[in-house]
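The structure appears below as C-alpha cells.
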Protein chains: 4
Amino acid sequence: MIIELKESAQASAADLAKKVKAFHINYQDKAYLITGSALKEVPQDLEAHAANFWVFANDIQLASKKFQQEKRSVNFGNVTIGGQSNQTILIGGPCSVESEEQLRGAAELLVGMGLSTLRGGAYKPRTSPYSFQGMGLEGLQLLAKMRQDYGLNVITEARDATHIEQIIEHTDIIQVGAKAMYDQGILRACAKTQKPVLIKRGFGTTLQEFVQAAEFVLSGGNPNVVLCERGIRTFETGTRFTLDLCGVAWLQEHTNLPIILDPSHAMGYAYGVNPLARACVAMRIDGLLIEAHPNPKVAKSDASQQLDYPAFKQLHADIQKVAHSVGYKIV
Amino acid sequence: MIIELKESAQASAADLAKKVKAFHINYQDKAYLITGSALKEVPQDLEAHAANFWVFANDIQLASKKFQQEKRSVNFGNVTIGGQSNQTILIGGPCSVESEEQLRGAAELLVGMGLSTLRGGAYKPRTSPYSFQGMGLEGLQLLAKMRQDYGLNVITEARDATHIEQIIEHTDIIQVGAKAMYDQGILRACAKTQKPVLIKRGFGTTLQEFVQAAEFVLSGGNPNVVLCERGIRTFETGTRFTLDLCGVAWLQEHTNLPIILDPSHAMGYAYGVNPLARACVAMRIDGLLIEAHPNPKVAKSDASQQLDYPAFKQLHADIQKVAHSVGYKIV
Amino acid sequence: MIIELKESAQASAADLAKKVKAFHINYQDKAYLITGSALKEVPQDLEAHAANFWVFANDIQLASKKFQQEKRSVNFGNVTIGGQSNQTILIGGPCSVESEEQLRGAAELLVGMGLSTLRGGAYKPRTSPYSFQGMGLEGLQLLAKMRQDYGLNVITEARDATHIEQIIEHTDIIQVGAKAMYDQGILRACAKTQKPVLIKRGFGTTLQEFVQAAEFVLSGGNPNVVLCERGIRTFETGTRFTLDLCGVAWLQEHTNLPIILDPSHAMGYAYGVNPLARACVAMRIDGLLIEAHPNPKVAKSDASQQLDYPAFKQLHADIQKVAHSVGYKIV
Amino acid sequence: MIIELKESAQASAADLAKKVKAFHINYQDKAYLITGSALKEVPQDLEAHAANFWVFANDIQLASKKFQQEKRSVNFGNVTIGGQSNQTILIGGPCSVESEEQLRGAAELLVGMGLSTLRGGAYKPRTSPYSFQGMGLEGLQLLAKMRQDYGLNVITEARDATHIEQIIEHTDIIQVGAKAMYDQGILRACAKTQKPVLIKRGFGTTLQEFVQAAEFVLSGGNPNVVLCERGIRTFETGTRFTLDLCGVAWLQEHTNLPIILDPSHAMGYAYGVNPLARACVAMRIDGLLIEAHPNPKVAKSDASQQLDYPAFKQLHADIQKVAHSVGYKIV
C-alpha cells in the first residue's frame, strides 16, 4: 500500500513510517509511506494523515501504473528518456574496457555519430575464475577519463557489493547486471544515491521479481530506475538467450519505468543484433545497449556478439528509420 | 547430403534413390536425391550421375541457405511472399469459426481493408476434452464458402491425421499447428500436395527440430513450406508464451524458408499484440497471423488475446508505417 | 462436474448426456455424466436423476483424487499395478525393434529375470526424416511374436493416428508418446478400447495439460490410463531432459492414476539411469520403463542412453532393495 | 590446466604463479598452479618444475573427477561427509530464524533425534523489499548461541557481500544462496577461509556454471566445497521449482564434490518433501537440507513448504530405511 501524507504530516513522516513499519520517501514534492501490498486498509495510526492511498494486488507498487500512469522521466546525463520525450537512447561501447586506445576509439565513434552515452565493463561478472575478470578500478578510471575528454555519459556495471561505491562515484548511470540483480548490497546502495540506475533482468528472473528489484531502489528513495531486458534462459540453445519482447509489452502495460533493451547479450551473435534492435525500437522502447568493438574477433569477452564499427553505424541508420515510423527519435 | 542429378540421370532418379535409400524430389526443373547428413561423400553408385552436391553439418538440408541462398518464394493463393517480394502478408480472422455470421463479418473486414487471407479454426486442438472443440467439417465448409463469396484465401489447422485430407481439400494454405508439429501422419500428407504448408513451431520445440519438421514436407516433394513462430514455453507466466525473435533472426540467417509470426498466441493478451506485431514487421518478416473477433469477450476460445475490429484496423495502420521504414509493404 | 446417475436413470443416460452436452461413461457398475468444470451446479434437467455429484476447480475431474481417492488399479496383462498392489513394474527392452534376433534376446533376458513386459519401438517418432524411422508394421508383428513365444506383455508406441488401429490390435499396452500426447486422433481411439493406455508427458507439457490428456481417454470410456513422466525440456543441456520428480509428487497428490517413470529418456546417458531409477522407486511409483540393448553402441536410435544387459540386471538388483525399503516389490 | 609442482619448486610457487598468471594453491601437501582450460600445454617457464599436469576440456578443473577421482571428504563440524564415509547428513531447521524460542525448539528437536546440524536464515534474500527480511546479525547470534548450548553445527546464508565476514565468523558452514551464487564478493571471501562452503545452484544456472562457482572457491585456496541442488526454474508452475536429479547424476559422474539436496525449496509444498527426500537418498547423496517449523502456518517465510515436527521425524524414519538399502546411513 502507498499512502500519500497530508502536507501537515510531512514533518513527522519518519516517525509515522517507523510506527507502521513502512518505507518513507519524498517524491515530486510529496511524502509517501509504503508498506507491503498485503495491507489493504490505511492503518488507524495514519488515518488522520493520509491525503490519498493506493492498494495493490502484489508488491509492484511504486513502479506500478496504478500509482503513476505516466512513464517516469529519467535523466541519463544530459539526455532525457521516458516521460513524454519519445526518445530512444542508443548506448554503445565494448563489452569490456580493455585499454585506453580501445575505449578512446569507441568514444570517438559515438561522438562522431552524435551519440551521448558510452558503455564498457570494468568489473566483469564472469562465470569462471579463469576468464578475463575486467580491469577493475583502472577500467572505471578510463571510463571517467572518456567522460572528461569527450563529454560522454558513462555506464558500467557493479559486479558485487564490495565495489559499488566506486561504481557510484565514477559513473553517470549505475548498471546492476543480470547476475547481480538480487544483490541487496548493491540495490540498497543504489537507493541512497540519485544517480540513475539501470537494472538488468536476471536470465532466470520472472517479470514480477524483476520489477520488485526496482522496488528496492524506489522504496529506498531513488526514483530514477530504468529496467533492461537482456534475454532469458530457455531450452533454446541456437541463440545465447531468448529476448523476451512479450515481457517488454507486459512491462509497458503494467509499470511506469522506462525500458532499455540489450539485444547483443540476448542473441549472442552479431548477425541478429541489427534485426532485433529494429524490432525493439518498433515497440517504442526508451533505449538500446549495443556492444561494439573495433575488432570483435580479438575481444576479451563476448567476441561473437559485438558489432564492428561499420555494423554499428549501419544499425544506427536502420533504427532511425524505424524510430521515425513509430514517432520516436534516436538520441 | 543433397545430390543434384545430371539431366541424363533424371529418368532413373527413382531407381537410384531406392539404391542409396534416399529421398527423390524434383525442384525447379532439376532432380535431387537427399540422404541423411551423416553421409559426407557421394556414394559410388551415384558418382557418375551427380552434377553437384551439398554436404551439411546436420539434417537441415533442403531448408538450408547452404543449399539455396535465396529465400523461397511461396504463393499464398494470389499473393506471393518470400523471394524478392518484400511483402508481409497480414492474415486475420477469428481463433475459432463459430458461425457463418461471425465468419462473414471477418471476411468483410478483410476485404474492406484490401487484405487477402482469412484464418479460422475448425478442428481445435484443445487441451481439455471439456472445452469447445471447434465446428469440424462444418467449419471447413464455412471457410470454403467465404473463399467463394469474397475471393479470399483461407487457412485453417489440421488437429490430427484423421482429417488431414479434408483440410487439404478445403483450404488454400494448410496449417500444421504447434501441437501437431511432430505429427508425421500430417507432415507426410502435406508432402504429397503442392498447396502451401504453414508449420507452427511447437512451444517446446528447438529451432533445429522445427526446421526438421519442414524437411519432412520438403523431402517428400512439396517445396512450399512456410515457418511460423508463435511463442515458446518458458518459466515466465506473466504472458501466455514467449515470442522468440532471437529464434526468428536465427531462422532468417540459416534457412531459406519464409517466416510468419503469430504474436496473438505468444502474448495471450490483446494489449501486447500491436507492439509485438510492429516488432515483427521491423524484422522484415513475411507475414503475420492475427486473431480478430467482432466481440472478443464472448469468443469460444482465446478470448483474452483476440483483437476487436477497430484494434485490428489500428494494427494494420501501424504496421504499414513500420513496414515502409524497412522497405517492405503489407499485403 | 461429474454427476453420478441414479440407478433408475442409467437406461436413459445417453439421452441425458446429449441434453446437457456431457460425456457419458459407465465405471465400476455406475453411470456418470461429465461436463466441463466451469459448471458448478447440477443442471435442472438432471436434478431428479443425480445420485451424487462432484465439482472441480479445473478440468482434472475423472483423474482427480477428489472424485476417487484411491489410486486406480490397472492390469498390465497378467500384472496389476496401482490400487493396493504396492508393485513397481520393470518394463525393459530396446528403444527400437531392429531385428527378430535382437528382440528375442531382449525377451529372453526379461523372462530369465522373471519380468513380464517387453517394450520396443516400431513406429519411431523421429524429428528428422533422414533418421531410422522404425520397422513399422513388421516391428509390431515381431513384438506380437514375442508375446506368443514367451508369454510376455508387449508395449509399443503410436506415432500418429494413421496406424493407431494397428497398435491397438497388436499390443497389450498402448503407448502414447511424448510428441503424440496432444494427438486427439490417437487419444479418441484409445478411449474406445479397454486396453491399458500409457500416456507420456510431452517435454513442453504442463502437469495440468498432461492429466487433461488422460481425461480425453477417461471421459471417452476407457478407465485404464497410466501416466508416464519422461523428462521435460529445460535450459539445462548437460543432460538430455530434466526428470520432473516434483511433478511426480504433484501427480501422486492430486490424481488417482498410476505413474510410470522413464529415466532413460530423461537422462540421455546410461550412467545416470541406475541412480535415477533408484530415486523413482523410492517414491513408490508404479513402474519403470528402461531401455536396454544387447550392444548399445550400434543401436539405431538412442545409443547413448540404453543399458547393456549386465547393467540392466544390476539395475534390477539395486531397485529391488530400494523397493523393499519403501514397502514395494519389483515385478 | 592444473600443474602439480615438484617439491623443489614449492618455495617459489607464488612467483611462478605470477609469471604465468595462474592461481596457486596447496592441497593435501602438494602445490598446484591452475590456469584457464584453454591452455593445453605446460608453459615453458614451468616445464622444469612440473611433476604432473592435467588438461581439461573446460573450466571445471579442480572439481573434476579427472583431477581427483575420489569424492572430496568435507568435515561439517564434527561430522564427515563425502569421501568413503557413505553418510547422508540430515540438516534441519526453520527457513528463517524468528525468535530464540523457535530456534531453541528446533535445536532440541535435532538433538533429540541425534542429528548434528541446524539451519536457519538470518539475512533473507527476499525478492520484495516489503517482505520480512530476516533478523540479520541478531539472528546470527541466536544461531551461535544454539551452537554453544547444544553442541550443534550451524549453517546460514550470506545474502550479499556486505555481511559475508559476519557469516564466516558466526557459522560452521557458510551457505551461498541460489540468488548469491554468482556473487564474487562472497565467493572470494569464502576462498580465504577453510570453513566448509555450501553453494546452492541458482535456479537459472547451468550445471557448468554451478561447478564453475565452486572453482572460484577452490582456486582461491579453500578445498571444502559442497554443492547443493535446490530446484531450477522451468515452465512448470504446479510446483515451486523443478528438482534436477538428472543434474545430480551428472554432478556425481563428473565432479569430486559432495552433493546436498534441498527438496523443500524445490517442491514448495510440504506434501512432496518426504517422497522427494527418499528419492534423493536413494541416489547416495551426501546430505539433505529440510525446512522444519513448529507451526508452519504462521512462519514468516516459506510457510507452505516447511514440515511440522512430526512430519520431520517421519521423514527421518523413512529416509533411514532408504539409506540402508543403498549402503548409506543418515547422520
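In the C-alpha cells, each chain is lettered A, B, ... as it comes, each chain's residues begin at 1, and ligands are numbered from 1 in order of appearance.
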
Using only C-alpha atoms, determine which residues of chain D fall within 10 Å of chain C; present them as a PyMOL selection string. chain D and resi 204-208+231-253+263+266-269+271-284+318-326

May I have all residues of stretch 197-242 of chain B that DSSP, computed from the backbone, assigns to helix (DSSP H, G or I), given as a VMD selection string? chain B and resid 207 to 219

List every residue of stretch 117-305 of chain A that DSSP, applied to the backbone of this structure, places in strand (DSSP E), and write the result as an NGL selection string. :A and (117-119 or 153-158 or 173-176 or 197-200 or 225-229 or 259-261 or 287-291)

Near stretch 4-8 of chain C, counting only C-alpha atoms, which residues have an atom at most 10 Å away, once you skip same-chain residues fewer than 2 positions from it, shown as a list in words?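 Counting only the stated atoms, we get Met1, Ile2, Gln10, Ala11, Ser12, Ala13, Leu16, His24, Ile25, Asn26, Tyr27, Asp29, Lys30, Ala31, Tyr32, Leu33, Ile34, Leu46, Glu47, Ala48, His49, Ala50, Ala51, Asn52, Phe53 and Trp54 of chain C.
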
Could you jot down the atom CA of B:Arg159 to atom CA of B:Tyr123 separation for me, Å, one decimal place?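 Those two atoms sit 5.8 Å apart.
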
Name the closest residue to B:Lys329 among the candidates B:Asn153, B:Lys192, B:Leu90, B:Thr171; distances are taken between atoms, counting only C-alpha atoms.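 Among B:Asn153, B:Lys192, B:Leu90, B:Thr171, it is B:Leu90 that comes nearest to B:Lys329.
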
Selection: 10 Å around stretch 255-260 of chain C, only C-alpha atoms, excl. self and same-chain fewer than 5 positions, as a PyMOL selection string: chain C and resi 60-74+81-83+88-91+198-200+211+214+223-230+248+250+280-281+284-289

Could you name the residues that touch D:Phe312 at 10 Å or less, counting only C-alpha atoms, but leaving out those on the same chain fewer than 4 positions away, as a list in words?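 In the requested form, the answer reads Gly92, Gly93, Leu109, Leu110, Val273, Asn274, Ile290, Glu291, Ala292, His293, Gln306, Leu307, Asp308, His316, Ala317 and Asp318 of chain D.
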
Now that the selection is made, can you save its residues with all heavy atoms as a compact mmCIF listing (two decimals), in the first residue's frame?
# COMPACT_ATOMS: atom_id res chain seq x y z
N GLY D 92 18.39 -29.88 9.55
CA GLY D 92 17.03 -29.38 9.71
C GLY D 92 17.00 -28.02 10.37
O GLY D 92 18.01 -27.52 10.88
N GLY D 93 15.82 -27.44 10.34
CA GLY D 93 15.65 -26.14 10.99
C GLY D 93 14.72 -25.27 10.19
O GLY D 93 14.30 -25.63 9.09
N LEU D 109 14.74 -30.41 19.00
CA LEU D 109 14.25 -31.46 18.11
C LEU D 109 15.41 -32.24 17.51
O LEU D 109 15.45 -33.47 17.53
CB LEU D 109 13.40 -30.82 16.99
CG LEU D 109 12.93 -31.76 15.88
CD1 LEU D 109 11.78 -32.64 16.37
CD2 LEU D 109 12.48 -30.97 14.65
N LEU D 110 16.38 -31.50 16.97
CA LEU D 110 17.51 -32.16 16.31
C LEU D 110 18.32 -32.98 17.29
O LEU D 110 18.68 -34.13 17.02
CB LEU D 110 18.41 -31.10 15.65
CG LEU D 110 17.79 -30.27 14.54
CD1 LEU D 110 18.82 -29.29 13.98
CD2 LEU D 110 17.25 -31.14 13.41
N VAL D 273 7.76 -33.19 0.17
CA VAL D 273 9.12 -33.20 0.70
C VAL D 273 9.57 -34.61 1.08
O VAL D 273 10.69 -35.03 0.77
CB VAL D 273 9.25 -32.22 1.89
CG1 VAL D 273 10.63 -32.32 2.53
CG2 VAL D 273 8.98 -30.79 1.41
N ASN D 274 8.71 -35.36 1.71
CA ASN D 274 9.07 -36.72 2.11
C ASN D 274 9.39 -37.62 0.91
O ASN D 274 10.48 -38.20 0.85
CB ASN D 274 7.96 -37.31 3.00
CG ASN D 274 8.33 -38.66 3.58
OD1 ASN D 274 8.79 -39.55 2.88
ND2 ASN D 274 8.13 -38.82 4.89
N ILE D 290 16.43 -29.74 5.06
CA ILE D 290 14.98 -29.81 5.16
C ILE D 290 14.47 -28.70 6.08
O ILE D 290 14.94 -28.54 7.21
CB ILE D 290 14.53 -31.18 5.74
CG1 ILE D 290 15.04 -32.33 4.85
CG2 ILE D 290 13.01 -31.25 5.90
CD1 ILE D 290 14.39 -32.46 3.51
N GLU D 291 13.53 -27.94 5.58
CA GLU D 291 12.94 -26.88 6.40
C GLU D 291 11.88 -27.44 7.33
O GLU D 291 10.96 -28.14 6.88
CB GLU D 291 12.34 -25.79 5.51
CG GLU D 291 13.41 -25.00 4.78
CD GLU D 291 12.86 -23.78 4.09
OE1 GLU D 291 11.63 -23.68 3.91
OE2 GLU D 291 13.66 -22.90 3.74
N ALA D 292 12.00 -27.13 8.61
CA ALA D 292 11.01 -27.58 9.58
C ALA D 292 10.69 -26.44 10.53
O ALA D 292 11.57 -25.64 10.89
CB ALA D 292 11.55 -28.77 10.36
N HIS D 293 9.44 -26.35 10.92
CA HIS D 293 8.97 -25.21 11.71
C HIS D 293 7.94 -25.75 12.72
O HIS D 293 7.17 -26.64 12.38
CB HIS D 293 8.31 -24.19 10.77
CG HIS D 293 8.02 -22.87 11.40
ND1 HIS D 293 6.93 -22.65 12.21
CD2 HIS D 293 8.68 -21.70 11.32
CE1 HIS D 293 6.93 -21.36 12.60
NE2 HIS D 293 7.99 -20.77 12.09
N GLN D 306 7.44 -25.79 4.70
CA GLN D 306 8.10 -26.27 5.90
C GLN D 306 7.32 -27.43 6.51
O GLN D 306 6.10 -27.40 6.59
CB GLN D 306 8.25 -25.13 6.91
CG GLN D 306 9.05 -23.95 6.32
CD GLN D 306 9.63 -23.03 7.38
OE1 GLN D 306 10.34 -23.48 8.27
NE2 GLN D 306 9.34 -21.75 7.28
N LEU D 307 8.05 -28.44 6.98
CA LEU D 307 7.41 -29.56 7.67
C LEU D 307 7.17 -29.19 9.12
O LEU D 307 7.96 -28.47 9.74
CB LEU D 307 8.34 -30.79 7.64
CG LEU D 307 8.74 -31.35 6.28
CD1 LEU D 307 9.49 -32.67 6.48
CD2 LEU D 307 7.53 -31.55 5.38
N ASP D 308 6.09 -29.71 9.69
CA ASP D 308 5.97 -29.60 11.14
C ASP D 308 6.84 -30.70 11.76
O ASP D 308 7.42 -31.54 11.05
CB ASP D 308 4.51 -29.66 11.60
CG ASP D 308 3.82 -30.95 11.21
OD1 ASP D 308 4.51 -31.95 10.95
OD2 ASP D 308 2.58 -30.95 11.15
N HIS D 316 12.65 -38.54 8.79
CA HIS D 316 13.89 -39.13 9.29
C HIS D 316 13.78 -40.65 9.31
O HIS D 316 14.69 -41.36 8.84
CB HIS D 316 14.17 -38.58 10.70
CG HIS D 316 15.47 -39.05 11.28
ND1 HIS D 316 15.60 -39.48 12.57
CD2 HIS D 316 16.70 -39.15 10.74
CE1 HIS D 316 16.85 -39.82 12.81
NE2 HIS D 316 17.55 -39.62 11.73
N ALA D 317 12.67 -41.15 9.82
CA ALA D 317 12.48 -42.60 9.88
C ALA D 317 12.45 -43.21 8.47
O ALA D 317 13.06 -44.25 8.21
CB ALA D 317 11.17 -42.92 10.61
N ASP D 318 11.77 -42.53 7.55
CA ASP D 318 11.62 -43.08 6.20
C ASP D 318 12.94 -43.09 5.44
O ASP D 318 13.25 -44.04 4.73
CB ASP D 318 10.57 -42.26 5.42
CG ASP D 318 9.16 -42.51 5.94
OD1 ASP D 318 8.96 -43.46 6.72
OD2 ASP D 318 8.26 -41.74 5.56

For C:Glu98: contacts at 8 Å, only C-alpha atoms, fewer than 2 positions along chain excluded, given as a PyMOL selection string: chain C and resi 96+100+102-103+134-135+139+300

Selected residues, all heavy atoms, written as a PDB file, in the first residue's frame, please.
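Below you can see out-v2.pdb, which holds the result:
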ATOM      1  N   SER C  96      14.331 -49.193 -30.239  1.00  0.00           N
ATOM      2  CA  SER C  96      13.677 -49.588 -31.495  1.00  0.00           C
ATOM      3  C   SER C  96      13.783 -51.092 -31.692  1.00  0.00           C
ATOM      4  O   SER C  96      14.828 -51.685 -31.415  1.00  0.00           O
ATOM      5  CB  SER C  96      14.384 -48.930 -32.693  1.00  0.00           C
ATOM      6  OG  SER C  96      14.272 -47.544 -32.643  1.00  0.00           O
ATOM      7  N   GLU C 100      14.538 -59.596 -35.439  1.00  0.00           N
ATOM      8  CA  GLU C 100      13.975 -60.642 -34.598  1.00  0.00           C
ATOM      9  C   GLU C 100      14.997 -61.114 -33.580  1.00  0.00           C
ATOM     10  O   GLU C 100      14.686 -61.323 -32.410  1.00  0.00           O
ATOM     11  CB  GLU C 100      13.484 -61.815 -35.458  1.00  0.00           C
ATOM     12  CG  GLU C 100      12.947 -62.937 -34.570  1.00  0.00           C
ATOM     13  CD  GLU C 100      12.134 -63.984 -35.323  1.00  0.00           C
ATOM     14  OE1 GLU C 100      11.777 -63.764 -36.497  1.00  0.00           O
ATOM     15  OE2 GLU C 100      11.847 -65.031 -34.704  1.00  0.00           O
ATOM     16  N   GLN C 102      17.505 -59.512 -32.230  1.00  0.00           N
ATOM     17  CA  GLN C 102      17.665 -58.538 -31.139  1.00  0.00           C
ATOM     18  C   GLN C 102      16.499 -58.607 -30.166  1.00  0.00           C
ATOM     19  O   GLN C 102      16.671 -58.622 -28.955  1.00  0.00           O
ATOM     20  CB  GLN C 102      17.769 -57.122 -31.754  1.00  0.00           C
ATOM     21  CG  GLN C 102      17.738 -55.992 -30.756  1.00  0.00           C
ATOM     22  CD  GLN C 102      16.701 -54.921 -31.137  1.00  0.00           C
ATOM     23  OE1 GLN C 102      15.655 -55.218 -31.720  1.00  0.00           O
ATOM     24  NE2 GLN C 102      17.035 -53.691 -30.787  1.00  0.00           N
ATOM     25  N   LEU C 103      15.285 -58.709 -30.707  1.00  0.00           N
ATOM     26  CA  LEU C 103      14.100 -58.673 -29.860  1.00  0.00           C
ATOM     27  C   LEU C 103      13.988 -59.964 -29.048  1.00  0.00           C
ATOM     28  O   LEU C 103      13.608 -59.948 -27.870  1.00  0.00           O
ATOM     29  CB  LEU C 103      12.853 -58.471 -30.724  1.00  0.00           C
ATOM     30  CG  LEU C 103      11.650 -57.870 -29.987  1.00  0.00           C
ATOM     31  CD1 LEU C 103      11.986 -56.505 -29.403  1.00  0.00           C
ATOM     32  CD2 LEU C 103      10.460 -57.748 -30.922  1.00  0.00           C
ATOM     33  N   GLY C 134      12.081 -46.673 -37.898  1.00  0.00           N
ATOM     34  CA  GLY C 134      11.452 -47.847 -37.280  1.00  0.00           C
ATOM     35  C   GLY C 134      10.960 -48.827 -38.327  1.00  0.00           C
ATOM     36  O   GLY C 134      10.822 -48.485 -39.505  1.00  0.00           O
ATOM     37  N   MET C 135      10.686 -50.082 -37.877  1.00  0.00           N
ATOM     38  CA  MET C 135      10.303 -51.137 -38.805  1.00  0.00           C
ATOM     39  C   MET C 135       8.809 -51.146 -39.111  1.00  0.00           C
ATOM     40  O   MET C 135       8.348 -51.944 -39.940  1.00  0.00           O
ATOM     41  CB  MET C 135      10.719 -52.498 -38.250  1.00  0.00           C
ATOM     42  CG  MET C 135      12.227 -52.668 -38.163  1.00  0.00           C
ATOM     43  SD  MET C 135      12.694 -54.281 -37.439  1.00  0.00           S
ATOM     44  CE  MET C 135      12.254 -55.395 -38.782  1.00  0.00           C
ATOM     45  N   GLY C 139       7.711 -54.480 -37.360  1.00  0.00           N
ATOM     46  CA  GLY C 139       8.159 -54.423 -35.967  1.00  0.00           C
ATOM     47  C   GLY C 139       7.047 -54.823 -35.003  1.00  0.00           C
ATOM     48  O   GLY C 139       7.267 -55.560 -34.040  1.00  0.00           O
ATOM     49  N   LYS C 300      20.241 -48.393 -33.354  1.00  0.00           N
ATOM     50  CA  LYS C 300      19.818 -47.481 -34.428  1.00  0.00           C
ATOM     51  C   LYS C 300      19.174 -46.202 -33.902  1.00  0.00           C
ATOM     52  O   LYS C 300      18.875 -45.295 -34.666  1.00  0.00           O
ATOM     53  CB  LYS C 300      18.847 -48.211 -35.360  1.00  0.00           C
ATOM     54  CG  LYS C 300      19.545 -49.317 -36.178  1.00  0.00           C
ATOM     55  CD  LYS C 300      18.640 -49.847 -37.261  1.00  0.00           C
ATOM     56  CE  LYS C 300      19.408 -50.874 -38.118  1.00  0.00           C
ATOM     57  NZ  LYS C 300      18.554 -51.480 -39.132  1.00  0.00           N
TER      58      LYS C 300
END

Show which residues sit within 10 Å of C:Pro129, as a ChimeraX atom specification. Count only C-alpha atoms, and ignore same-chain residues fewer than 3 positions away. /B:23,35-36,59,184,188,212-220 /C:125-126,132-133

Could you tell me how far atom CA of A:Gln141 lies from atom CA of A:Gly120, in Å and to one decimal?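 It comes out at 11.5 Å.
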